[in-house]
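Trainee: Below is the file structure-v9.txt, with compact mmCIF, C-alpha atoms.
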# COMPACT_ATOMS: atom_id res chain seq x y z
CA MET A 276 15.58 -1.07 -35.02
CA SER A 277 12.34 -0.63 -33.08
CA VAL A 278 13.58 -2.94 -30.31
CA ALA A 279 16.73 -0.81 -29.99
CA ILE A 280 14.57 2.33 -29.72
CA GLY A 281 12.54 0.60 -27.02
CA PHE A 282 15.64 -0.19 -24.98
CA TYR A 283 16.94 3.35 -25.46
CA GLY A 284 13.57 4.50 -24.11
CA LEU A 285 13.95 2.27 -21.05
CA ALA A 286 17.44 3.64 -20.41
CA ILE A 287 16.25 7.25 -20.75
CA LEU A 288 13.34 6.54 -18.41
CA LEU A 289 15.69 5.17 -15.74
CA LEU A 290 17.94 8.21 -16.17
CA LEU A 291 15.00 10.62 -15.78
CA LEU A 292 13.83 8.81 -12.67
CA ALA A 293 17.34 8.92 -11.21
CA LEU A 294 17.31 12.69 -11.84
CA ARG A 295 14.08 12.90 -9.79
CA VAL A 296 11.88 13.84 -12.75
CA PRO A 297 8.23 13.16 -11.74
CA VAL A 298 7.22 9.63 -12.73
CA ALA A 299 4.19 10.67 -14.81
CA LEU A 300 6.18 13.27 -16.77
CA ALA A 301 9.02 10.83 -17.40
CA LEU A 302 6.66 8.12 -18.66
CA VAL A 303 4.78 10.46 -21.00
CA ALA A 304 7.95 12.10 -22.35
CA VAL A 305 9.71 8.80 -23.11
CA SER A 306 6.59 7.27 -24.68
CA LEU A 307 5.89 10.35 -26.81
CA GLY A 308 9.51 10.65 -27.92
CA GLY A 309 9.81 6.95 -28.74
CA MET A 310 6.59 6.87 -30.74
CA THR A 311 7.71 9.96 -32.66
CA VAL A 312 11.01 8.34 -33.63
CA MET A 313 9.31 5.09 -34.68
CA PHE A 314 6.13 6.29 -36.38
CA GLY A 315 6.24 10.06 -36.68
CA TRP A 316 4.77 13.03 -34.85
CA ASP A 317 1.19 12.57 -36.02
CA THR A 318 1.02 9.01 -34.66
CA ALA A 319 2.59 10.07 -31.35
CA ILE A 320 0.08 12.90 -30.95
CA GLY A 321 -2.72 10.48 -31.80
CA MET A 322 -1.56 8.23 -28.94
CA LEU A 323 -1.35 11.20 -26.60
CA SER A 324 -4.89 12.28 -27.46
CA SER A 325 -6.50 8.83 -27.15
CA THR A 326 -4.64 7.01 -24.35
CA PRO A 327 -5.74 9.24 -21.43
CA TYR A 328 -9.40 8.65 -22.24
CA GLU A 329 -8.89 4.93 -22.87
CA PHE A 330 -7.24 4.50 -19.47
CA ILE A 331 -9.37 6.79 -17.33
CA ALA A 332 -12.77 5.94 -18.87
CA LYS A 333 -12.97 2.65 -16.98
CA TRP A 334 -15.90 2.21 -14.64
CA THR A 335 -13.77 0.24 -12.17
CA LEU A 336 -11.41 3.18 -11.60
CA SER A 337 -14.23 5.19 -10.01
CA ALA A 338 -13.61 3.05 -6.92
CA VAL A 339 -10.37 4.96 -6.33
CA PRO A 340 -11.85 8.40 -5.47
CA MET A 341 -14.76 6.77 -3.62
CA PHE A 342 -12.56 4.72 -1.27
CA LEU A 343 -10.22 7.69 -0.86
CA LEU A 344 -13.17 9.90 0.08
CA MET A 345 -14.36 7.33 2.62
CA GLY A 346 -10.93 7.25 4.23
CA PHE A 347 -10.44 11.02 4.29
CA VAL A 348 -13.91 11.62 5.74
CA CYS A 349 -13.20 9.07 8.49
CA TYR A 350 -9.84 10.69 9.15
CA HIS A 351 -11.04 14.31 9.28
CA THR A 352 -14.09 13.48 11.40
CA GLY A 353 -12.11 11.37 13.88
CA LEU A 354 -14.22 8.25 13.33
CA THR A 355 -11.11 6.09 13.63
CA ASN A 356 -9.70 7.66 16.79
CA GLY A 357 -11.21 4.99 19.05
CA LEU A 358 -9.49 2.07 17.33
CA PHE A 359 -6.35 2.36 19.44
CA ASN A 360 -8.29 2.42 22.71
CA ALA A 361 -10.39 -0.56 21.64
CA ALA A 362 -7.28 -2.55 20.74
CA LYS A 363 -5.77 -1.78 24.14
CA VAL A 364 -8.75 -3.38 25.86
CA VAL A 365 -7.91 -6.66 24.12
CA PHE A 366 -4.10 -6.61 24.06
CA ARG A 367 -3.05 -4.49 27.03
CA TRP A 368 -2.22 -7.54 29.19
CA LEU A 369 0.47 -8.76 26.75
CA PRO A 370 4.13 -7.73 27.03
CA GLY A 371 4.44 -4.73 24.75
CA GLY A 372 0.65 -4.59 24.72
CA VAL A 373 0.39 -0.90 23.83
CA ALA A 374 2.60 -1.39 20.74
CA ILE A 375 0.64 -4.51 19.76
CA SER A 376 -2.54 -2.50 20.16
CA SER A 377 -1.19 0.10 17.75
CA ILE A 378 -0.53 -2.61 15.14
CA PHE A 379 -4.08 -3.93 15.29
CA ALA A 380 -5.47 -0.40 15.40
CA SER A 381 -3.54 0.24 12.18
CA SER A 382 -5.17 -2.85 10.71
CA GLY A 383 -8.58 -1.49 11.65
CA PHE A 384 -7.76 1.90 10.17
CA ALA A 385 -6.67 0.16 6.97
CA ALA A 386 -10.21 -1.16 6.54
CA VAL A 387 -11.51 2.38 5.98
CA SER A 388 -8.45 4.02 4.46
CA GLY A 389 -6.46 2.11 1.84
CA SER A 390 -3.43 4.37 2.34
CA SER A 391 -0.32 3.57 4.36
CA VAL A 392 0.60 7.25 4.65
CA ALA A 393 -2.81 8.16 6.12
CA CYS A 394 -2.60 5.18 8.46
CA SER A 395 0.85 6.21 9.73
CA ALA A 396 -0.21 9.83 10.24
CA ALA A 397 -3.40 8.96 12.11
CA MET A 398 -1.90 6.31 14.39
CA GLY A 399 1.28 8.29 14.94
CA ARG A 400 -0.58 11.21 16.51
CA ILE A 401 -2.48 8.91 18.85
CA ALA A 402 -0.19 6.01 19.77
CA ILE A 403 3.38 7.35 19.83
CA PRO A 404 2.88 9.81 22.73
CA GLU A 405 1.21 7.08 24.78
CA MET A 406 3.95 4.55 24.09
CA VAL A 407 6.66 7.03 25.05
CA LYS A 408 4.82 7.84 28.29
CA GLY A 409 4.55 4.10 28.91
CA GLY A 410 8.32 3.61 28.87
CA TYR A 411 8.91 2.57 25.26
CA LYS A 412 12.12 3.71 23.60
CA PRO A 413 10.99 6.58 21.33
CA SER A 414 12.78 5.25 18.24
CA PHE A 415 11.07 1.87 18.57
CA ALA A 416 7.68 3.49 19.22
CA CYS A 417 8.03 5.55 16.04
CA GLY A 418 9.30 2.54 14.07
CA THR A 419 6.32 0.48 15.20
CA ILE A 420 3.83 2.98 13.82
CA ALA A 421 5.78 3.46 10.58
CA ALA A 422 5.76 -0.31 10.01
CA GLY A 423 2.14 -0.65 11.11
CA GLY A 424 1.19 1.99 8.57
CA THR A 425 2.19 -0.32 5.71
CA ILE A 426 -0.79 -2.52 6.61
CA GLY A 427 -2.95 0.34 5.31
CA ALA A 428 -2.22 -0.71 1.71
CA LEU A 429 -2.54 -4.46 2.34
CA ILE A 430 -5.93 -4.85 3.99
CA PRO A 431 -8.76 -3.79 1.65
CA PRO A 432 -9.80 -1.34 0.45
CA SER A 433 -6.30 -0.83 -0.95
CA ILE A 434 -5.86 1.86 -3.59
CA LEU A 435 -2.73 0.11 -4.86
CA MET A 436 -4.71 -3.10 -5.34
CA ILE A 437 -7.49 -1.30 -7.20
CA VAL A 438 -5.05 0.27 -9.68
CA TYR A 439 -3.22 -3.06 -10.07
CA GLY A 440 -6.50 -4.86 -10.75
CA VAL A 441 -7.41 -2.36 -13.46
CA PHE A 442 -3.96 -2.45 -15.06
CA ALA A 443 -3.56 -6.26 -14.92
CA GLN A 444 -7.24 -6.84 -15.82
CA VAL A 445 -7.95 -9.14 -12.86
CA SER A 446 -10.76 -9.19 -10.31
CA ILE A 447 -10.26 -6.47 -7.70
CA THR A 448 -12.46 -8.39 -5.26
CA GLN A 449 -10.15 -11.43 -5.59
CA VAL A 450 -7.07 -9.27 -5.00
CA PHE A 451 -8.81 -7.77 -1.95
CA LEU A 452 -9.46 -11.25 -0.56
CA GLY A 453 -5.79 -12.14 -0.96
CA GLY A 454 -4.84 -8.88 0.72
CA ILE A 455 -6.77 -9.82 3.86
CA THR A 456 -4.55 -12.83 4.56
CA ILE A 457 -1.23 -11.12 3.87
CA GLY A 458 -2.33 -8.05 5.85
CA LEU A 459 -3.20 -10.14 8.89
CA LEU A 460 -0.03 -12.20 8.49
CA THR A 461 1.98 -8.97 8.44
CA ALA A 462 0.23 -7.72 11.58
CA VAL A 463 0.92 -11.01 13.40
CA SER A 464 4.58 -10.97 12.35
CA TYR A 465 4.96 -7.42 13.70
CA CYS A 466 3.37 -8.48 16.99
CA ILE A 467 5.84 -11.37 17.25
CA VAL A 468 8.67 -8.86 16.77
CA ILE A 469 7.29 -6.71 19.59
CA LEU A 470 6.94 -9.72 21.91
CA MET A 471 10.52 -10.84 21.19
CA VAL A 472 11.96 -7.36 21.75
CA SER A 473 9.96 -7.08 24.99
CA TRP A 474 11.38 -10.42 26.12
CA LEU A 475 15.00 -9.74 25.08
CA ARG A 476 15.18 -5.96 25.63
CA PRO A 477 12.75 -4.72 28.31
CA ASP A 478 14.67 -1.42 28.24
CA ILE A 479 13.24 -0.85 24.75
CA VAL A 480 9.75 -2.36 25.16
CA PRO A 481 8.42 -2.64 28.72
CA ARG A 482 6.87 -5.97 29.62
CA GLU A 483 4.05 -4.26 31.48
CA ALA A 484 1.96 -1.25 30.53
CA VAL A 485 3.07 1.83 32.45
CA GLY A 486 1.11 5.03 32.51
CA ALA A 487 -1.30 3.97 29.77
CA ARG A 488 -4.79 5.39 30.03
CA GLU A 489 -7.39 2.82 31.07
CA VAL A 490 -10.34 2.32 28.75
CA THR A 491 -13.45 0.34 29.61
CA PRO A 492 -14.77 -2.21 27.11
CA ARG A 493 -18.06 -0.30 26.92
CA GLN A 494 -16.34 2.95 26.06
CA ALA A 495 -14.13 1.20 23.51
CA LEU A 496 -17.16 -0.30 21.79
CA LEU A 497 -18.87 3.09 21.67
CA ASP A 498 -15.72 4.56 20.14
CA ILE A 499 -15.37 2.04 17.31
CA TRP A 500 -18.97 1.37 16.27
CA PRO A 501 -18.70 3.75 13.27
CA VAL A 502 -15.76 1.78 11.84
CA LEU A 503 -17.46 -1.54 12.57
CA ALA A 504 -20.64 -0.36 10.87
CA LEU A 505 -18.71 0.80 7.80
CA GLY A 506 -16.77 -2.47 7.67
CA VAL A 507 -19.92 -4.59 7.79
CA LEU A 508 -21.62 -2.37 5.21
CA VAL A 509 -18.77 -2.25 2.70
CA PHE A 510 -17.13 -5.65 3.03
CA GLY A 511 -20.26 -7.57 3.86
CA GLY A 512 -21.82 -6.36 0.63
CA LEU A 513 -18.61 -6.69 -1.39
CA PHE A 514 -17.59 -10.21 -0.42
CA SER A 515 -21.15 -11.52 -0.43
CA GLY A 516 -21.45 -10.39 -4.05
CA PHE A 517 -24.25 -7.95 -3.29
CA PHE A 518 -22.32 -5.18 -5.00
CA THR A 519 -19.06 -4.73 -6.91
CA ALA A 520 -15.83 -3.13 -5.70
CA THR A 521 -16.80 0.09 -7.49
CA GLU A 522 -20.23 0.16 -5.86
CA ALA A 523 -18.63 -0.71 -2.50
CA GLY A 524 -16.53 2.45 -2.70
CA ALA A 525 -19.58 4.63 -3.32
CA VAL A 526 -21.52 2.91 -0.53
CA GLY A 527 -18.55 3.35 1.84
CA ALA A 528 -18.12 7.04 1.03
CA ALA A 529 -21.85 7.70 1.47
CA GLY A 530 -21.86 5.71 4.72
CA ALA A 531 -18.90 7.65 6.13
CA ILE A 532 -20.58 10.96 5.30
CA LEU A 533 -23.89 9.90 6.85
CA ILE A 534 -22.22 8.63 10.04
CA GLY A 535 -20.18 11.83 10.28
CA LEU A 536 -23.33 13.91 9.97
CA LEU A 537 -25.20 11.69 12.44
CA LEU A 538 -22.48 12.15 15.05
CA ARG A 539 -22.22 15.87 14.22
CA ARG A 540 -18.51 15.57 13.46
CA LEU A 541 -18.69 16.39 9.77
CA ASP A 542 -18.79 20.13 9.19
CA GLY A 543 -18.00 22.21 6.13
CA LYS A 544 -14.31 22.49 6.98
CA ALA A 545 -13.84 18.73 7.37
CA MET A 546 -15.81 17.98 4.20
CA LYS A 547 -13.81 20.52 2.20
CA ALA A 548 -10.52 19.05 3.44
CA ALA A 549 -11.66 15.50 2.59
CA LEU A 550 -12.79 16.50 -0.91
CA LEU A 551 -9.61 18.44 -1.70
CA GLU A 552 -7.35 15.60 -0.55
CA THR A 553 -9.44 13.12 -2.54
CA LEU A 554 -9.19 15.25 -5.69
CA SER A 555 -5.43 15.85 -5.41
CA THR A 556 -4.61 12.21 -4.63
CA THR A 557 -6.86 10.85 -7.38
CA SER A 558 -5.40 13.27 -9.94
CA ALA A 559 -1.85 12.26 -9.07
CA LEU A 560 -2.67 8.56 -9.38
CA LEU A 561 -4.53 8.86 -12.65
CA ILE A 562 -1.86 10.90 -14.43
CA ILE A 563 0.74 8.26 -13.48
CA GLY A 564 -1.66 5.62 -14.80
CA VAL A 565 -2.02 7.46 -18.11
CA GLY A 566 1.76 7.67 -18.44
CA ALA A 567 2.10 3.95 -17.68
CA SER A 568 -0.52 3.09 -20.32
CA MET A 569 1.37 5.11 -22.92
CA PHE A 570 4.62 3.43 -21.89
CA THR A 571 3.01 -0.02 -22.17
CA LEU A 572 1.89 0.77 -25.71
CA PHE A 573 5.36 2.08 -26.59
CA LEU A 574 7.08 -1.09 -25.29
CA SER A 575 4.58 -3.29 -27.08
CA LEU A 576 4.92 -1.56 -30.47
CA SER A 577 8.71 -1.38 -30.18
CA GLY A 578 8.87 -5.10 -29.50
CA VAL A 579 10.73 -4.75 -26.20
CA ALA A 580 8.06 -6.55 -24.17
CA GLY A 581 8.13 -9.54 -26.54
CA TYR A 582 11.94 -9.49 -26.68
CA ILE A 583 12.28 -9.56 -22.88
CA THR A 584 9.67 -12.31 -22.58
CA GLY A 585 11.52 -14.36 -25.18
CA ALA A 586 14.85 -13.75 -23.42
CA VAL A 587 13.44 -14.91 -20.09
CA SER A 588 11.92 -17.93 -21.80
CA GLY A 589 15.31 -18.73 -23.34
CA TRP A 590 17.03 -18.30 -19.98
CA ASP A 591 14.37 -20.58 -18.49
CA PRO A 592 14.82 -19.59 -14.83
CA SER A 593 13.25 -21.69 -12.13
CA TYR A 594 10.29 -20.31 -10.17
CA LEU A 595 12.53 -19.40 -7.24
CA GLU A 596 15.14 -17.74 -9.47
CA LEU A 597 12.45 -15.66 -11.16
CA MET A 598 10.94 -14.62 -7.84
CA LEU A 599 14.35 -13.73 -6.41
CA VAL A 600 14.94 -11.36 -9.34
CA VAL A 601 11.48 -9.80 -8.92
CA VAL A 602 11.95 -9.30 -5.16
CA LEU A 603 15.36 -7.68 -5.68
CA ILE A 604 13.95 -5.38 -8.38
CA TYR A 605 11.19 -4.08 -6.12
CA LEU A 606 13.35 -3.81 -3.02
CA PHE A 607 15.80 -1.74 -5.07
CA LEU A 608 13.10 0.47 -6.59
CA GLY A 609 11.61 0.96 -3.12
CA LEU A 610 14.79 2.73 -2.09
CA PHE A 611 14.07 5.75 -4.29
CA MET A 612 10.58 5.46 -5.86
CA GLU A 613 7.09 5.79 -4.45
CA PRO A 614 4.85 2.68 -4.78
CA PHE A 615 2.57 3.75 -7.64
CA GLY A 616 5.45 4.82 -9.83
CA ALA A 617 7.43 1.64 -9.15
CA MET A 618 4.40 -0.53 -9.87
CA LEU A 619 3.29 1.12 -13.10
CA VAL A 620 6.81 1.44 -14.52
CA THR A 621 7.50 -2.29 -14.10
CA LEU A 622 4.15 -3.95 -14.84
CA PRO A 623 4.39 -3.53 -18.64
CA VAL A 624 7.56 -5.65 -18.58
CA LEU A 625 6.74 -8.16 -15.84
CA LEU A 626 3.10 -9.06 -16.54
CA PRO A 627 3.86 -10.85 -19.84
CA ILE A 628 6.60 -12.84 -18.08
CA PHE A 629 4.27 -14.01 -15.32
CA GLU A 630 1.63 -14.94 -17.86
CA LEU A 631 4.29 -17.00 -19.67
CA TYR A 632 5.07 -18.84 -16.43
CA ASP A 633 1.38 -19.29 -15.63
CA VAL A 634 1.78 -17.46 -12.31
CA SER A 635 -1.49 -16.34 -10.72
CA LEU A 636 -1.83 -12.60 -11.32
CA ILE A 637 -4.07 -12.41 -8.24
CA TRP A 638 -1.26 -13.81 -6.11
CA PHE A 639 1.37 -11.64 -7.79
CA GLY A 640 -0.71 -8.51 -7.23
CA VAL A 641 -0.87 -9.15 -3.50
CA LEU A 642 2.86 -9.96 -3.30
CA LEU A 643 3.63 -6.87 -5.37
CA VAL A 644 1.76 -4.57 -2.97
CA LYS A 645 3.62 -6.14 -0.04
CA LEU A 646 6.98 -5.53 -1.73
CA LEU A 647 6.02 -1.95 -2.60
CA GLU A 648 5.03 -1.25 0.99
CA ILE A 649 8.42 -2.43 2.25
CA GLY A 650 9.78 0.49 0.25
CA MET A 651 7.66 2.82 2.40
CA ILE A 652 9.91 2.10 5.41
CA THR A 653 13.34 1.73 3.79
CA PRO A 654 15.87 4.55 3.45
CA PRO A 655 16.46 6.98 1.90
CA VAL A 656 12.90 7.68 0.63
CA GLY A 657 10.75 5.71 3.07
CA MET A 658 7.63 7.89 2.96
CA ASN A 659 6.13 6.50 6.17
CA ILE A 660 9.30 7.43 8.04
CA PHE A 661 9.01 11.05 6.94
CA VAL A 662 5.32 11.08 7.88
CA ILE A 663 6.16 9.85 11.39
CA LYS A 664 8.93 12.44 11.62
CA GLY A 665 6.35 15.08 10.75
CA VAL A 666 3.78 14.05 13.37
CA ALA A 667 6.15 12.94 16.17
CA GLY A 668 9.50 14.53 15.36
CA GLN A 669 9.94 15.73 18.94
CA TYR A 670 10.45 12.15 20.10
CA ALA A 671 13.10 10.85 17.65
CA SER A 672 15.35 11.92 14.80
CA LEU A 673 14.98 10.62 11.26
CA MET A 674 17.89 8.20 11.72
CA ASP A 675 16.45 6.97 15.02
CA ILE A 676 13.14 6.17 13.32
CA PHE A 677 14.93 4.27 10.53
CA ARG A 678 16.76 2.28 13.22
CA GLY A 679 13.52 1.66 15.08
CA VAL A 680 11.84 0.21 12.00
CA SER A 681 14.76 -2.04 11.00
CA THR A 682 13.61 -5.02 13.09
CA PHE A 683 10.23 -4.97 11.37
CA LEU A 684 11.96 -5.15 7.98
CA ILE A 685 13.26 -8.58 8.95
CA ALA A 686 9.68 -9.67 9.65
CA ASP A 687 8.63 -8.28 6.25
CA ILE A 688 11.26 -10.32 4.41
CA LEU A 689 10.14 -13.47 6.24
CA VAL A 690 6.51 -12.79 5.25
CA VAL A 691 7.56 -12.34 1.61
CA ALA A 692 9.46 -15.64 1.75
CA LEU A 693 6.44 -17.44 3.21
CA VAL A 694 4.16 -16.07 0.50
CA ILE A 695 6.60 -17.12 -2.24
CA PHE A 696 7.10 -20.64 -0.91
CA TYR A 697 3.44 -21.12 0.06
CA PRO A 698 1.24 -19.20 -2.42
CA GLN A 699 -1.89 -20.71 -0.87
CA ILE A 700 -1.45 -18.31 2.05
CA VAL A 701 -2.72 -15.61 -0.32
CA LEU A 702 -5.01 -17.74 -2.46
CA VAL A 703 -6.85 -19.58 0.33
CA LEU A 704 -9.71 -17.08 0.40
CA THR A 705 -9.78 -16.52 -3.35
CA SER A 706 -10.28 -20.17 -4.25
CA GLY A 707 -13.62 -20.52 -2.48
Take the structure in the file and write it out as structure tokens.
Mentor:
Amino acid sequence: MSVAIGFYGLAILLLLLALRVPVALALVAVSLGGMTVMFGWDTAIGMLSSTPYEFIAKWTLSAVPMFLLMGFVCYHTGLTNGLFNAAKVVFRWLPGGVAISSIFASSGFAAVSGSSVACSAAMGRIAIPEMVKGGYKPSFACGTIAAGGTIGALIPPSILMIVYGVFAQVSITQVFLGGITIGLLTAVSYCIVILMVSWLRPDIVPREAVGAREVTPRQALLDIWPVLALGVLVFGGLFSGFFTATEAGAVGAAGAILIGLLLRRLDGKAMKAALLETLSTTSALLIIGVGASMFTLFLSLSGVAGYITGAVSGWDPSYLELMLVVVLIYLFLGLFMEPFGAMLVTLPVLLPIFELYDVSLIWFGVLLVKLLEIGMITPPVGMNIFVIKGVAGQYASLMDIFRGVSTFLIADILVVALVIFYPQIVLVLTSG
């Protein structure tokens, strides 16, 4: 009977999500209702009173607001504005060099942000106008930045990876290390797309830079030293083992504030904006996490998690069959759910299955974030697309931006296939 209640709960959850009920509210409501039916109101209220504390009172989770604060301070003080100019110094000579520069600038922004939305917004304001002036087709220029923004959640510090590490109980530092390789692989694949389009369709991507503002190497270096300093400080200490991921977030936030003050770019208005955005984003993430923890407990006590694991074991799919199902699940969810909701709704069901198959949870976490970020650029709810429309809507319509990003989706699928067939691509840095 409890298993049936668990499956009814899953069905109701899917219905609520389809009706656009907020993910956190849907998770809490289904968990509370299911526990009430199975064990009574007092037990359900006991879960509701204890689970939020049990989930949130984890030292590791304090990395989330710290890394968010670092990114928002860098964004509001303009510390990342020079990344695009610095990338142009290196890549300007290539066909489609300005677009390639925007991809690597997005990678640099990712190192102090952890958010694909913030990355898209920041790079969109800077790079899209310059690409359009340089002769790029506006839809492709917008699509390039929307795709490049997804790197923001792949290269550490990634907020998605932090929450995954806490939920799956794996080393966040190890997941970060895996994220470096897949983030760089994604950036390279996007650059290959740009080079091919430039070669095949010079009417879309000019083979030579036209009208792009010249930047001297000295000026570029002066522009990006704050980001370089933060990167060395945070990741040098993190990957050398000098401090933990949680401590790295605090060090990064303090470093961003000090650099902003040193350069006289951080005033009361910028600090207030950074703090408010940090508080609102952290609150939204944590309440979804609380709902997911309650839902995990509900599935466990109802027996659904064990039933599904047993069913998969009985089906005995091959590794490739299992991964094909997982990829299709996340590509489908990406069509209408935001990444955190999609991740925390599915992990309670999928983690036991991967443990059964002895799949590395470090590797799966990195692949999962990649799949979730594909959803950020797929219709109808590709968040990065709407962000680009907001910051550069005068250049292209929503449909034009979706068309412009479509070529990069092919590159994303190829990257996913490579990671599935060759897991060492992700694990090469984690095995040292």
Trainee: One decimal, Å: what's the distance from CA of Lys664 (chain A) over to CA of Ser377 (chain A), could you say?
Mentor: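 Separation between CA of Lys664 (chain A) and CA of Ser377 (chain A): 17.1 Å.
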Trainee: Using only C-alpha atoms, which of A:Gln494, A:Thr352, A:Thr335, A:Asn360 sits nearest Gly524 (chain A)?
Mentor: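 Selected residue with least distance to Gly524 (chain A): A:Thr335.
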Trainee: Counting all atoms listed in the file, figure out which residue out of A:Phe629, A:Tyr605, A:Phe611, A:Phe314 gets nearest to Ile583 (chain A).
Mentor: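 Checking each of A:Phe629, A:Tyr605, A:Phe611, A:Phe314 against Ile583 (chain A), counting all atoms listed in the file, the winner is A:Phe629.
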Trainee: Could you name the residues that touch region 498-514 of chain A at 10 Å or less, counting only C-alpha atoms, but leaving out those on the same chain fewer than 4 positions away, as a VMD selection string?
Mentor: chain A and resid 345 349 353 to 362 383 to 384 386 to 387 431 to 432 448 to 449 451 to 452 492 to 494 518 to 531 534 to 535 538
Trainee: Restricting the calculation to all atoms listed in the file: of A:Asp675, A:Cys466, A:Thr456, A:Met658, which residue gets closest to Leu702 (chain A)?
Mentor: A:Thr456
Trainee: Show me, as an MDAnalysis selection string, the residues that have an atom within 12 Å of Leu294 (chain A) when counting all atoms listed in the file, minus same-chain residues fewer than 6 positions from it.
Mentor: chainID A and resid 287:288 301 611:612
Trainee: Output C-alpha atoms for every residue in that selection, as a CSV table (one decimal), in the frame of the given file.
Mentor:
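New file selection.csv:
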chain,number,residue,atom,x,y,z
A,287,ILE,CA,16.2,7.2,-20.8
A,288,LEU,CA,13.3,6.5,-18.4
A,301,ALA,CA,9.0,10.8,-17.4
A,611,PHE,CA,14.1,5.8,-4.3
A,612,MET,CA,10.6,5.5,-5.9
Trainee: What does the distance from CA of Ala293 (chain A) to CA of Ala617 (chain A) come to in Å, to one decimal?
Mentor: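 Distance between the two atoms: 12.5 Å.
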Trainee: Between A:Leu429, A:Ile563, A:Met398, A:Ala304, which residue has the minimum interatomic distance to Ile378 (chain A), considering all atoms listed in the file?
Mentor: A:Met398
Trainee: Show which residues sit within 9 Å of region 677-685 of chain A, as a count of residues only. Count only C-alpha atoms, and ignore same-chain residues fewer than 2 positions away.
Mentor: 29
Trainee: For Ile280 (chain A), which residue among A:Val373, A:Leu323, A:Val579, A:Ala393 is the nearest when counting all atoms listed in the file?
Mentor: A:Val579
Trainee: CA of Val701 (chain A) and CA of Val365 (chain A) are how many Å apart?
Mentor: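 Value for the CA of Val701 (chain A)-CA of Val365 (chain A) distance: 26.5 Å.
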Trainee: Please determine an axis-aligned box that encloses all atoms of region 347-362 of chain A listed in the file, with 5 Å added on each side, and express its centre and edge lengths in Å to one decimal as JSON.
Mentor:
{"center_x": -10.3, "center_y": 5.9, "center_z": 13.5, "size_x": 17.9, "size_y": 26.9, "size_z": 28.4}
Trainee: Between A:Thr461, A:Ser391, A:Thr557, A:Ser382, which has the minimum distance to Glu613 (chain A) (counting all atoms listed in the file)?
Mentor: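 Distance minimum relative to Glu613 (chain A) lands on A:Ser391.
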Trainee: Could you list, as a ChimeraX atom specification, every residue within 9 Å of Ala279 (chain A), counting all atoms listed in the file and ignoring same-chain residues fewer than 5 positions away?
Mentor: /A:284,577-579
Trainee: Would you mind listing what lies within 9 Å of Phe347 (chain A) as a list of chain:residue names, with only C-alpha atoms counted and same-chain residues fewer than 3 positions away left out?
Mentor: A:Phe342, A:Leu343, A:Leu344, A:Tyr350, A:His351, A:Thr352, A:Val387, A:Ser388, A:Ala393, A:Ala545, A:Met546, A:Ala548, A:Ala549, A:Leu550, A:Glu552, A:Thr553
Trainee: Could the residues of region 565-615 of chain A that have an atom at most 12 Å from region 433-441 of chain A be listed as CSV, each with its closest atom pair and the distance in Å to one decimal, counting all atoms listed in the file and ordered by chain and ascending residue number?
Mentor:
residue,atom,partner,partner_atom,distance
A:Val565,CA,A:Val438,CA,11.5
A:Ala567,CA,A:Val438,CA,11.3
A:Ser568,CA,A:Val441,CA,11.1
A:Glu613,CA,A:Leu435,CA,11.4
A:Pro614,CA,A:Leu435,CA,8.0
A:Phe615,CA,A:Leu435,CA,7.0
